[in-house]
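The structure file work-v3.pdb is reproduced below (PDB, C-alpha atoms and all ligand atoms).
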ATOM      1  CA  MET I 107     -18.336  10.972  10.710  1.00  0.00           C
ATOM      2  CA  PRO I 108     -17.835   7.949  12.952  1.00  0.00           C
ATOM      3  CA  ASP I 109     -14.905   7.836  15.322  1.00  0.00           C
ATOM      4  CA  LYS I 110     -14.555   4.114  14.903  1.00  0.00           C
ATOM      5  CA  TRP I 111     -13.412   2.395  11.759  1.00  0.00           C
ATOM      6  CA  LEU I 112     -13.644  -1.251  10.843  1.00  0.00           C
ATOM      7  CA  GLY I 113     -10.360  -1.945   9.101  1.00  0.00           C
ATOM      8  CA  VAL I 114     -10.640  -4.427   6.249  1.00  0.00           C
ATOM      9  CA  ASP I 115      -7.663  -6.183   4.721  1.00  0.00           C
ATOM     10  CA  LEU I 116      -8.387  -7.698   1.322  1.00  0.00           C
ATOM     11  CA  GLY I 117      -6.202 -10.581   0.265  1.00  0.00           C
ATOM     12  CA  ILE I 118      -5.707 -13.927  -1.322  1.00  0.00           C
ATOM     13  CA  VAL I 119      -5.640 -16.544   1.404  1.00  0.00           C
ATOM     14  CA  ASN I 120      -8.464 -14.783   3.130  1.00  0.00           C
ATOM     15  CA  LEU I 121     -10.517 -12.687   0.758  1.00  0.00           C
ATOM     16  CA  ALA I 122     -11.309 -10.249   3.539  1.00  0.00           C
ATOM     17  CA  THR I 123     -10.204  -9.982   7.163  1.00  0.00           C
ATOM     18  CA  ASP I 124     -11.526  -7.255   9.433  1.00  0.00           C
ATOM     19  CA  SER I 125      -9.942  -5.598  12.434  1.00  0.00           C
ATOM     20  CA  THR I 126     -11.962  -7.758  14.844  1.00  0.00           C
ATOM     21  CA  GLY I 127     -10.159 -10.759  13.380  1.00  0.00           C
ATOM     22  CA  GLU I 128     -13.093 -12.152  11.438  1.00  0.00           C
ATOM     23  CA  ALA I 129     -11.813 -13.676   8.222  1.00  0.00           C
ATOM     24  CA  HIS I 130     -13.659 -14.665   5.074  1.00  0.00           C
ATOM     25  CA  THR I 131     -11.753 -17.451   3.472  1.00  0.00           C
ATOM     26  CA  GLY I 132     -11.217 -17.756  -0.234  1.00  0.00           C
ATOM     27  CA  LYS I 133     -11.199 -21.527   0.089  1.00  0.00           C
ATOM     28  CA  GLY I 134     -14.462 -22.190  -1.727  1.00  0.00           C
ATOM     29  CA  VAL I 135     -13.563 -19.853  -4.562  1.00  0.00           C
ATOM     30  CA  ARG I 136     -10.134 -21.410  -4.982  1.00  0.00           C
ATOM     31  CA  ALA I 137     -11.546 -24.946  -4.942  1.00  0.00           C
ATOM     32  CA  VAL I 138     -14.053 -24.122  -7.662  1.00  0.00           C
ATOM     33  CA  ARG I 139     -11.334 -22.415  -9.677  1.00  0.00           C
ATOM     34  CA  ARG I 140      -9.052 -25.432  -9.457  1.00  0.00           C
ATOM     35  CA  ARG I 141     -11.849 -27.830 -10.369  1.00  0.00           C
ATOM     36  CA  HIS I 142     -12.746 -25.714 -13.358  1.00  0.00           C
ATOM     37  CA  ALA I 143      -9.116 -25.384 -14.418  1.00  0.00           C
ATOM     38  CA  ARG I 144      -8.784 -29.164 -14.597  1.00  0.00           C
ATOM     39  CA  LEU I 145     -11.985 -29.482 -16.567  1.00  0.00           C
ATOM     40  CA  ARG I 146     -10.898 -26.654 -18.853  1.00  0.00           C
ATOM     41  CA  ALA I 147      -7.652 -28.430 -19.644  1.00  0.00           C
ATOM     42  CA  ARG I 148      -9.559 -31.576 -20.641  1.00  0.00           C
ATOM     43  CA  LEU I 149     -12.057 -29.656 -22.742  1.00  0.00           C
ATOM     44  CA  GLN I 150      -9.364 -27.604 -24.453  1.00  0.00           C
ATOM     45  CA  ALA I 151      -7.551 -30.795 -25.376  1.00  0.00           C
ATOM     46  CA  LYS I 152     -10.711 -31.995 -27.077  1.00  0.00           C
ATOM     47  CA  GLY I 153     -11.135 -28.796 -29.073  1.00  0.00           C
ATOM     48  CA  THR I 154     -14.562 -29.691 -30.430  1.00  0.00           C
ATOM     49  CA  LYS I 155     -17.441 -27.263 -30.790  1.00  0.00           C
ATOM     50  CA  ALA I 156     -19.340 -28.904 -27.961  1.00  0.00           C
ATOM     51  CA  ALA I 157     -16.261 -28.665 -25.773  1.00  0.00           C
ATOM     52  CA  LYS I 158     -15.963 -24.946 -26.529  1.00  0.00           C
ATOM     53  CA  ARG I 159     -19.581 -24.404 -25.610  1.00  0.00           C
ATOM     54  CA  LEU I 160     -19.067 -26.224 -22.343  1.00  0.00           C
ATOM     55  CA  LEU I 161     -15.965 -24.164 -21.649  1.00  0.00           C
ATOM     56  CA  LYS I 162     -17.906 -20.960 -22.028  1.00  0.00           C
ATOM     57  CA  ALA I 163     -20.647 -22.168 -19.698  1.00  0.00           C
ATOM     58  CA  ARG I 164     -18.047 -23.179 -17.138  1.00  0.00           C
ATOM     59  CA  ARG I 165     -16.379 -19.802 -17.198  1.00  0.00           C
ATOM     60  CA  ARG I 166     -19.717 -18.148 -16.637  1.00  0.00           C
ATOM     61  CA  LYS I 167     -20.483 -20.437 -13.727  1.00  0.00           C
ATOM     62  CA  GLU I 168     -17.126 -19.739 -12.170  1.00  0.00           C
ATOM     63  CA  SER I 169     -17.601 -15.991 -12.315  1.00  0.00           C
ATOM     64  CA  TRP I 170     -21.149 -16.279 -10.940  1.00  0.00           C
ATOM     65  CA  PHE I 171     -19.816 -18.228  -8.020  1.00  0.00           C
ATOM     66  CA  ALA I 172     -17.082 -15.694  -7.222  1.00  0.00           C
ATOM     67  CA  ARG I 173     -19.589 -12.872  -7.627  1.00  0.00           C
ATOM     68  CA  ASP I 174     -21.964 -14.512  -5.194  1.00  0.00           C
ATOM     69  CA  VAL I 175     -19.190 -14.937  -2.642  1.00  0.00           C
ATOM     70  CA  ASN I 176     -18.210 -11.272  -3.056  1.00  0.00           C
ATOM     71  CA  HIS I 177     -21.826 -10.200  -2.575  1.00  0.00           C
ATOM     72  CA  ARG I 178     -22.104 -12.179   0.628  1.00  0.00           C
ATOM     73  CA  ILE I 179     -18.810 -10.940   2.091  1.00  0.00           C
ATOM     74  CA  SER I 180     -19.477  -7.291   1.235  1.00  0.00           C
ATOM     75  CA  LYS I 181     -23.023  -7.478   2.592  1.00  0.00           C
ATOM     76  CA  HIS I 182     -21.753  -8.961   5.819  1.00  0.00           C
ATOM     77  CA  LEU I 183     -18.996  -6.379   6.272  1.00  0.00           C
ATOM     78  CA  VAL I 184     -21.244  -3.418   5.567  1.00  0.00           C
ATOM     79  CA  GLY I 185     -23.932  -4.826   7.888  1.00  0.00           C
ATOM     80  CA  LYS I 186     -21.366  -5.281  10.613  1.00  0.00           C
ATOM     81  CA  ALA I 187     -20.059  -1.738  10.240  1.00  0.00           C
ATOM     82  CA  GLU I 188     -23.608  -0.379  10.263  1.00  0.00           C
ATOM     83  CA  ASP I 189     -24.636  -2.358  13.358  1.00  0.00           C
ATOM     84  CA  THR I 190     -21.561  -1.268  15.265  1.00  0.00           C
ATOM     85  CA  ARG I 191     -21.717   2.346  13.980  1.00  0.00           C
ATOM     86  CA  GLN I 192     -18.343   2.198  12.345  1.00  0.00           C
ATOM     87  CA  GLY I 193     -17.001   3.398   9.050  1.00  0.00           C
ATOM     88  CA  ILE I 194     -15.082   1.025   6.820  1.00  0.00           C
ATOM     89  CA  ALA I 195     -11.385   1.560   6.173  1.00  0.00           C
ATOM     90  CA  LEU I 196      -9.776   0.019   3.103  1.00  0.00           C
ATOM     91  CA  GLU I 197      -6.312   0.314   1.711  1.00  0.00           C
ATOM     92  CA  ASP I 198      -5.787   2.703  -1.135  1.00  0.00           C
ATOM     93  CA  LEU I 199      -5.312   0.266  -4.042  1.00  0.00           C
ATOM     94  CA  GLU I 200      -2.118   1.631  -5.504  1.00  0.00           C
ATOM     95  CA  GLY I 201       0.129   0.550  -2.665  1.00  0.00           C
ATOM     96  CA  ILE I 202      -0.957  -3.053  -2.675  1.00  0.00           C
ATOM     97  CA  ARG I 203       1.518  -3.835  -5.405  1.00  0.00           C
ATOM     98  CA  ASP I 204       4.353  -2.845  -3.094  1.00  0.00           C
ATOM     99  CA  ARG I 205       3.595  -5.511  -0.577  1.00  0.00           C
ATOM    100  CA  VAL I 206       6.622  -7.684  -0.162  1.00  0.00           C
ATOM    101  CA  THR I 207       4.548 -10.500   1.233  1.00  0.00           C
ATOM    102  CA  VAL I 208       2.703 -11.053  -1.992  1.00  0.00           C
ATOM    103  CA  ALA I 209       4.590 -13.573  -4.052  1.00  0.00           C
ATOM    104  CA  LYS I 210       4.918 -12.987  -7.758  1.00  0.00           C
ATOM    105  CA  ALA I 211       2.796 -15.980  -8.610  1.00  0.00           C
ATOM    106  CA  GLN I 212      -0.133 -14.584  -6.713  1.00  0.00           C
ATOM    107  CA  ARG I 213      -0.056 -11.143  -8.194  1.00  0.00           C
ATOM    108  CA  ALA I 214      -2.192 -12.112 -11.144  1.00  0.00           C
ATOM    109  CA  ASP I 215      -4.752 -13.493  -8.751  1.00  0.00           C
ATOM    110  CA  LEU I 216      -4.591 -10.476  -6.499  1.00  0.00           C
ATOM    111  CA  HIS I 217      -5.193  -8.150  -9.376  1.00  0.00           C
ATOM    112  CA  SER I 218      -7.914 -10.263 -10.869  1.00  0.00           C
ATOM    113  CA  TRP I 219     -11.337  -8.826 -11.430  1.00  0.00           C
ATOM    114  CA  SER I 220     -12.679 -10.713  -8.435  1.00  0.00           C
ATOM    115  CA  PHE I 221     -10.464  -8.774  -6.058  1.00  0.00           C
ATOM    116  CA  TYR I 222     -11.573  -5.455  -7.531  1.00  0.00           C
ATOM    117  CA  GLN I 223     -15.146  -6.624  -7.562  1.00  0.00           C
ATOM    118  CA  LEU I 224     -15.125  -7.209  -3.818  1.00  0.00           C
ATOM    119  CA  ARG I 225     -13.816  -3.681  -3.227  1.00  0.00           C
ATOM    120  CA  THR I 226     -16.436  -2.285  -5.551  1.00  0.00           C
ATOM    121  CA  PHE I 227     -19.230  -4.200  -3.823  1.00  0.00           C
ATOM    122  CA  ILE I 228     -18.092  -3.033  -0.390  1.00  0.00           C
ATOM    123  CA  THR I 229     -17.936   0.562  -1.598  1.00  0.00           C
ATOM    124  CA  TYR I 230     -21.352   0.682  -3.202  1.00  0.00           C
ATOM    125  CA  LYS I 231     -23.169  -1.297  -0.508  1.00  0.00           C
ATOM    126  CA  ALA I 232     -21.593   1.021   2.071  1.00  0.00           C
ATOM    127  CA  ALA I 233     -22.775   4.054   0.119  1.00  0.00           C
ATOM    128  CA  LEU I 234     -26.307   2.640  -0.010  1.00  0.00           C
ATOM    129  CA  ALA I 235     -26.278   1.985   3.730  1.00  0.00           C
ATOM    130  CA  GLY I 236     -24.799   5.387   4.551  1.00  0.00           C
ATOM    131  CA  VAL I 237     -21.621   3.803   5.927  1.00  0.00           C
ATOM    132  CA  PRO I 238     -18.599   5.998   5.212  1.00  0.00           C
ATOM    133  CA  VAL I 239     -15.623   4.396   3.500  1.00  0.00           C
ATOM    134  CA  ARG I 240     -12.149   5.811   3.959  1.00  0.00           C
ATOM    135  CA  LEU I 241      -9.165   4.794   1.861  1.00  0.00           C
ATOM    136  CA  VAL I 242      -5.935   4.818   3.805  1.00  0.00           C
ATOM    137  CA  ASP I 243      -2.272   4.840   2.973  1.00  0.00           C
ATOM    138  CA  PRO I 244      -1.397   1.142   2.598  1.00  0.00           C
ATOM    139  CA  ARG I 245       2.340   1.532   3.145  1.00  0.00           C
ATOM    140  CA  ASN I 246       3.690  -0.919   5.707  1.00  0.00           C
ATOM    141  CA  THR I 247       0.288  -1.949   7.040  1.00  0.00           C
ATOM    142  CA  SER I 248       1.408  -5.563   6.762  1.00  0.00           C
ATOM    143  CA  ARG I 249       4.871  -5.024   8.289  1.00  0.00           C
ATOM    144  CA  THR I 250       3.946  -2.816  11.214  1.00  0.00           C
ATOM    145  CA  CYS I 251       3.161  -4.320  14.591  1.00  0.00           C
ATOM    146  CA  HIS I 252      -0.212  -3.057  15.813  1.00  0.00           C
ATOM    147  CA  GLN I 253       0.890  -3.683  19.409  1.00  0.00           C
ATOM    148  CA  CYS I 254       4.118  -1.716  19.585  1.00  0.00           C
ATOM    149  CA  GLY I 255       4.277   0.099  16.246  1.00  0.00           C
ATOM    150  CA  HIS I 256       7.584  -1.443  15.220  1.00  0.00           C
ATOM    151  CA  CYS I 257       7.885  -1.643  11.433  1.00  0.00           C
ATOM    152  CA  ASP I 258      10.175  -4.275   9.964  1.00  0.00           C
ATOM    153  CA  LYS I 259       9.862  -6.574   6.991  1.00  0.00           C
ATOM    154  CA  ARG I 260      11.145  -9.379   9.203  1.00  0.00           C
ATOM    155  CA  ASN I 261       7.886  -9.039  11.124  1.00  0.00           C
ATOM    156  CA  ARG I 262       6.367 -11.117   8.331  1.00  0.00           C
ATOM    157  CA  PRO I 263       8.316 -14.378   8.356  1.00  0.00           C
ATOM    158  CA  THR I 264       5.739 -16.019   6.079  1.00  0.00           C
ATOM    159  CA  ARG I 265       2.911 -14.737   3.939  1.00  0.00           C
ATOM    160  CA  ASP I 266       0.291 -15.656   6.533  1.00  0.00           C
ATOM    161  CA  ASP I 267       2.015 -14.968   9.820  1.00  0.00           C
ATOM    162  CA  PHE I 268       2.956 -11.865  11.705  1.00  0.00           C
ATOM    163  CA  SER I 269       5.613 -12.056  14.367  1.00  0.00           C
ATOM    164  CA  CYS I 270       7.055  -8.845  15.777  1.00  0.00           C
ATOM    165  CA  VAL I 271      10.831  -8.927  16.106  1.00  0.00           C
ATOM    166  CA  TRP I 272      10.659  -6.125  18.686  1.00  0.00           C
ATOM    167  CA  CYS I 273       7.875  -6.955  21.156  1.00  0.00           C
ATOM    168  CA  GLY I 274       7.212 -10.591  20.267  1.00  0.00           C
ATOM    169  CA  PHE I 275       3.541 -10.153  19.404  1.00  0.00           C
ATOM    170  CA  ALA I 276       2.460 -12.914  17.020  1.00  0.00           C
ATOM    171  CA  GLY I 277      -0.761 -13.574  15.134  1.00  0.00           C
ATOM    172  CA  PRO I 278      -2.361 -13.861  11.703  1.00  0.00           C
ATOM    173  CA  GLY I 279      -0.802 -11.317   9.355  1.00  0.00           C
ATOM    174  CA  ASP I 280      -4.023 -10.145   7.794  1.00  0.00           C
ATOM    175  CA  HIS I 281      -5.649  -9.456  11.156  1.00  0.00           C
ATOM    176  CA  ASN I 282      -2.667  -7.340  12.225  1.00  0.00           C
ATOM    177  CA  ALA I 283      -2.873  -5.468   8.913  1.00  0.00           C
ATOM    178  CA  ALA I 284      -6.634  -4.901   9.285  1.00  0.00           C
ATOM    179  CA  ILE I 285      -6.096  -3.326  12.714  1.00  0.00           C
ATOM    180  CA  ASN I 286      -3.485  -0.986  11.251  1.00  0.00           C
ATOM    181  CA  ILE I 287      -5.830  -0.070   8.405  1.00  0.00           C
ATOM    182  CA  GLY I 288      -8.635   0.766  10.838  1.00  0.00           C
ATOM    183  CA  ARG I 289      -6.309   2.941  12.916  1.00  0.00           C
ATOM    184  CA  ARG I 290      -5.059   4.839   9.917  1.00  0.00           C
ATOM    185  CA  ALA I 291      -8.610   5.870   9.157  1.00  0.00           C
ATOM    186  CA  VAL I 292      -8.810   7.392  12.636  1.00  0.00           C
ATOM    187  CA  SER I 293      -5.670   9.424  12.099  1.00  0.00           C
ATOM    188  CA  HIS I 294      -6.928  10.523   8.688  1.00  0.00           C
ATOM    189  CA  ALA I 295     -10.099  11.701  10.429  1.00  0.00           C
ATOM    190  CA  ALA I 296      -7.941  13.817  12.718  1.00  0.00           C
ATOM    191  CA  ASP I 297      -6.367  15.341   9.607  1.00  0.00           C
ATOM    192  CA  ASP I 298      -9.809  16.288   8.274  1.00  0.00           C
ATOM    193  CA  ALA I 299     -10.729  18.023  11.489  1.00  0.00           C
ATOM    194  CA  ALA I 300      -7.485  19.971  11.705  1.00  0.00           C
TER
HETATM  195 ZN    ZN B   1       5.573  -5.332  18.305  1.00  0.00          ZN
END

Any chance you could put this one into structure tokens?
Ligand SMILES: [Zn+2]
Amino acid sequence: MPDKWLGVDLGIVNLATDSTGEAHTGKGVRAVRRRHARLRARLQAKGTKAAKRLLKARRRKESWFARDVNHRISKHLVGKAEDTRQGIALEDLEGIRDRVTVAKAQRADLHSWSFYQLRTFITYKAALAGVPVRLVDPRNTSRTCHQCGHCDKRNRPTRDDFSCVWCGFAGPGDHNAAINIGRRAVSHAADDAA
């Protein structure tokens, strides 16, 4: 088992951010989704057979695009972990719903198939590459300061930003969370050994 773990925070604004601070933006996916949503609205208004056919083709294209993005991100993350001899730490899915920083409106998106797909891709590509994956307790990973350990929901003034009310550390919220996730894998490893 490795003693180093690449923590990966999966999210909405950034699809994946790792503990080194590298973020994979969901920008392209969101842009395509928006473009398709507009087109869908126009086609649905038409309601013709041809429009329905087009709609179906569009949906397929949209999911291919998201799938391709997920393949690229997962391949990159697993390659990075392999090259640096690290395991990959992910949050245990259940707790993600508890995150206060996730607004209601985004929950549907967060729980969409694309989000699960990325996790699945990371897990199976890691297995193929022999990179261990450890699921960690996700509680408070987004509220806890990786610098001083202070946990407070006020540490997340906005969805994207982390700003510790105790020590003053500030930075992107998902990077802070990814560091915490990576560290939890280390402490879990200690549990295994004990
Ligand atoms: Zn702090």

If we count all atoms listed in the file, what is near Glu197 (chain I) at a cut-off of 10 Å, once residues fewer than 3 positions away on the same chain are taken out, given as a count of residues only?
21

Using the chain letters and numbers from this file, what does the PyMOL selection byres (((not hetatm)) within 6 of (chain B and resi 1)) select? Give the answer as a list of chain:residue names.
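For this structure, the PyMOL selection byres (((not hetatm)) within 6 of (chain B and resi 1)) captures I:Cys251, I:Gln253, I:Cys254, I:Gly255, I:His256, I:Cys270, I:Trp272, I:Cys273, I:Gly274, I:Phe275.
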
What does the distance between CA of Leu234 (chain I) and CA of Ser180 (chain I) come to in Å, to one decimal place?
12.1 Å

If we count only C-alpha atoms and set the cut-off at 6 Å, which residues sit around Arg249 (chain I), ignoring sequence neighbours fewer than 6 positions away in its own chain? Please answer as JSON, numbers by chain.
{"I": [257, 258, 259, 261]}

Could you expand the PyMOL selection byres (((chain I and resi 119) around 8) and not hetatm) into the explicit residues it covers here, written as a PDB file with C-alpha atoms, in the coordinates of the input?
ATOM      1  CA  GLY I 117      -6.202 -10.581   0.265  1.00  0.00           C
ATOM      2  CA  ILE I 118      -5.707 -13.927  -1.322  1.00  0.00           C
ATOM      3  CA  ASN I 120      -8.464 -14.783   3.130  1.00  0.00           C
ATOM      4  CA  LEU I 121     -10.517 -12.687   0.758  1.00  0.00           C
ATOM      5  CA  THR I 131     -11.753 -17.451   3.472  1.00  0.00           C
ATOM      6  CA  GLY I 132     -11.217 -17.756  -0.234  1.00  0.00           C
ATOM      7  CA  LYS I 133     -11.199 -21.527   0.089  1.00  0.00           C
ATOM      8  CA  ASP I 266       0.291 -15.656   6.533  1.00  0.00           C
TER       9      ASP I 266
END

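As for CA of Arg146 (chain I) and CA of Phe227 (chain I), they are spaced 28.3 Å apart.
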
Measuring between only C-alpha atoms, which one of I:Ala122, I:Leu199, I:Arg139, I:Ala187 shows the shortest distance to Arg166 (chain I)?
I:Arg139

What would the selection look like, as a JSON list (two decimals) with C-alpha atoms, keeping the file's coordinate frame, if the PyMOL selection byres (((chain I and resi 231) around 12) and not hetatm) were run on the coordinates I just shared?
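The new file out-v6.json reads:
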[["chain", "number", "residue", "atom", "x", "y", "z"],
["I", 176, "ASN", "CA", -18.21, -11.27, -3.06],
["I", 177, "HIS", "CA", -21.83, -10.20, -2.58],
["I", 178, "ARG", "CA", -22.10, -12.18, 0.63],
["I", 179, "ILE", "CA", -18.81, -10.94, 2.09],
["I", 180, "SER", "CA", -19.48, -7.29, 1.24],
["I", 181, "LYS", "CA", -23.02, -7.48, 2.59],
["I", 182, "HIS", "CA", -21.75, -8.96, 5.82],
["I", 183, "LEU", "CA", -19.00, -6.38, 6.27],
["I", 184, "VAL", "CA", -21.24, -3.42, 5.57],
["I", 185, "GLY", "CA", -23.93, -4.83, 7.89],
["I", 186, "LYS", "CA", -21.37, -5.28, 10.61],
["I", 187, "ALA", "CA", -20.06, -1.74, 10.24],
["I", 188, "GLU", "CA", -23.61, -0.38, 10.26],
["I", 194, "ILE", "CA", -15.08, 1.02, 6.82],
["I", 223, "GLN", "CA", -15.15, -6.62, -7.56],
["I", 224, "LEU", "CA", -15.12, -7.21, -3.82],
["I", 225, "ARG", "CA", -13.82, -3.68, -3.23],
["I", 226, "THR", "CA", -16.44, -2.28, -5.55],
["I", 227, "PHE", "CA", -19.23, -4.20, -3.82],
["I", 228, "ILE", "CA", -18.09, -3.03, -0.39],
["I", 229, "THR", "CA", -17.94, 0.56, -1.60],
["I", 230, "TYR", "CA", -21.35, 0.68, -3.20],
["I", 232, "ALA", "CA", -21.59, 1.02, 2.07],
["I", 233, "ALA", "CA", -22.78, 4.05, 0.12],
["I", 234, "LEU", "CA", -26.31, 2.64, -0.01],
["I", 235, "ALA", "CA", -26.28, 1.98, 3.73],
["I", 236, "GLY", "CA", -24.80, 5.39, 4.55],
["I", 237, "VAL", "CA", -21.62, 3.80, 5.93],
["I", 238, "PRO", "CA", -18.60, 6.00, 5.21],
["I", 239, "VAL", "CA", -15.62, 4.40, 3.50]]

Between CA of Arg260 (chain I) and CA of Glu128 (chain I), distance in Å (one decimal):
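Taking CA of Arg260 (chain I) and CA of Glu128 (chain I), their separation equals 24.5 Å.
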
Using only the atoms of region 145-158 of chain I listed in the file, plus 6 Å on each side, state the axis-aligned box centre and edge lengths in Å rounded to one decimal, as AutoDock Vina command-line options.
--center_x -13.4 --center_y -28.5 --center_z -23.7 --size_x 23.8 --size_y 19.0 --size_z 26.2

Pick from I:Gln192, I:Ser248, I:Gly153, I:Arg262 nearest to Asn282 (chain I), counting all atoms listed in the file
I:Ser248

Neighbour list for His142 (chain I) as a PDB file with C-alpha atoms, in the coordinates of the input, cut-off 8 Å, all atoms listed in the file, skip fewer than 5 positions in-chain:
ATOM      1  CA  ARG I 164     -18.047 -23.179 -17.138  1.00  0.00           C
ATOM      2  CA  ARG I 165     -16.379 -19.802 -17.198  1.00  0.00           C
ATOM      3  CA  GLU I 168     -17.126 -19.739 -12.170  1.00  0.00           C
TER       4      GLU I 168
END

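Comparing I:Arg191, I:Ala172, I:Leu161, I:Val292 by their smallest distance to Ala143 (chain I), the closest is I:Leu161 (using all atoms listed in the file).
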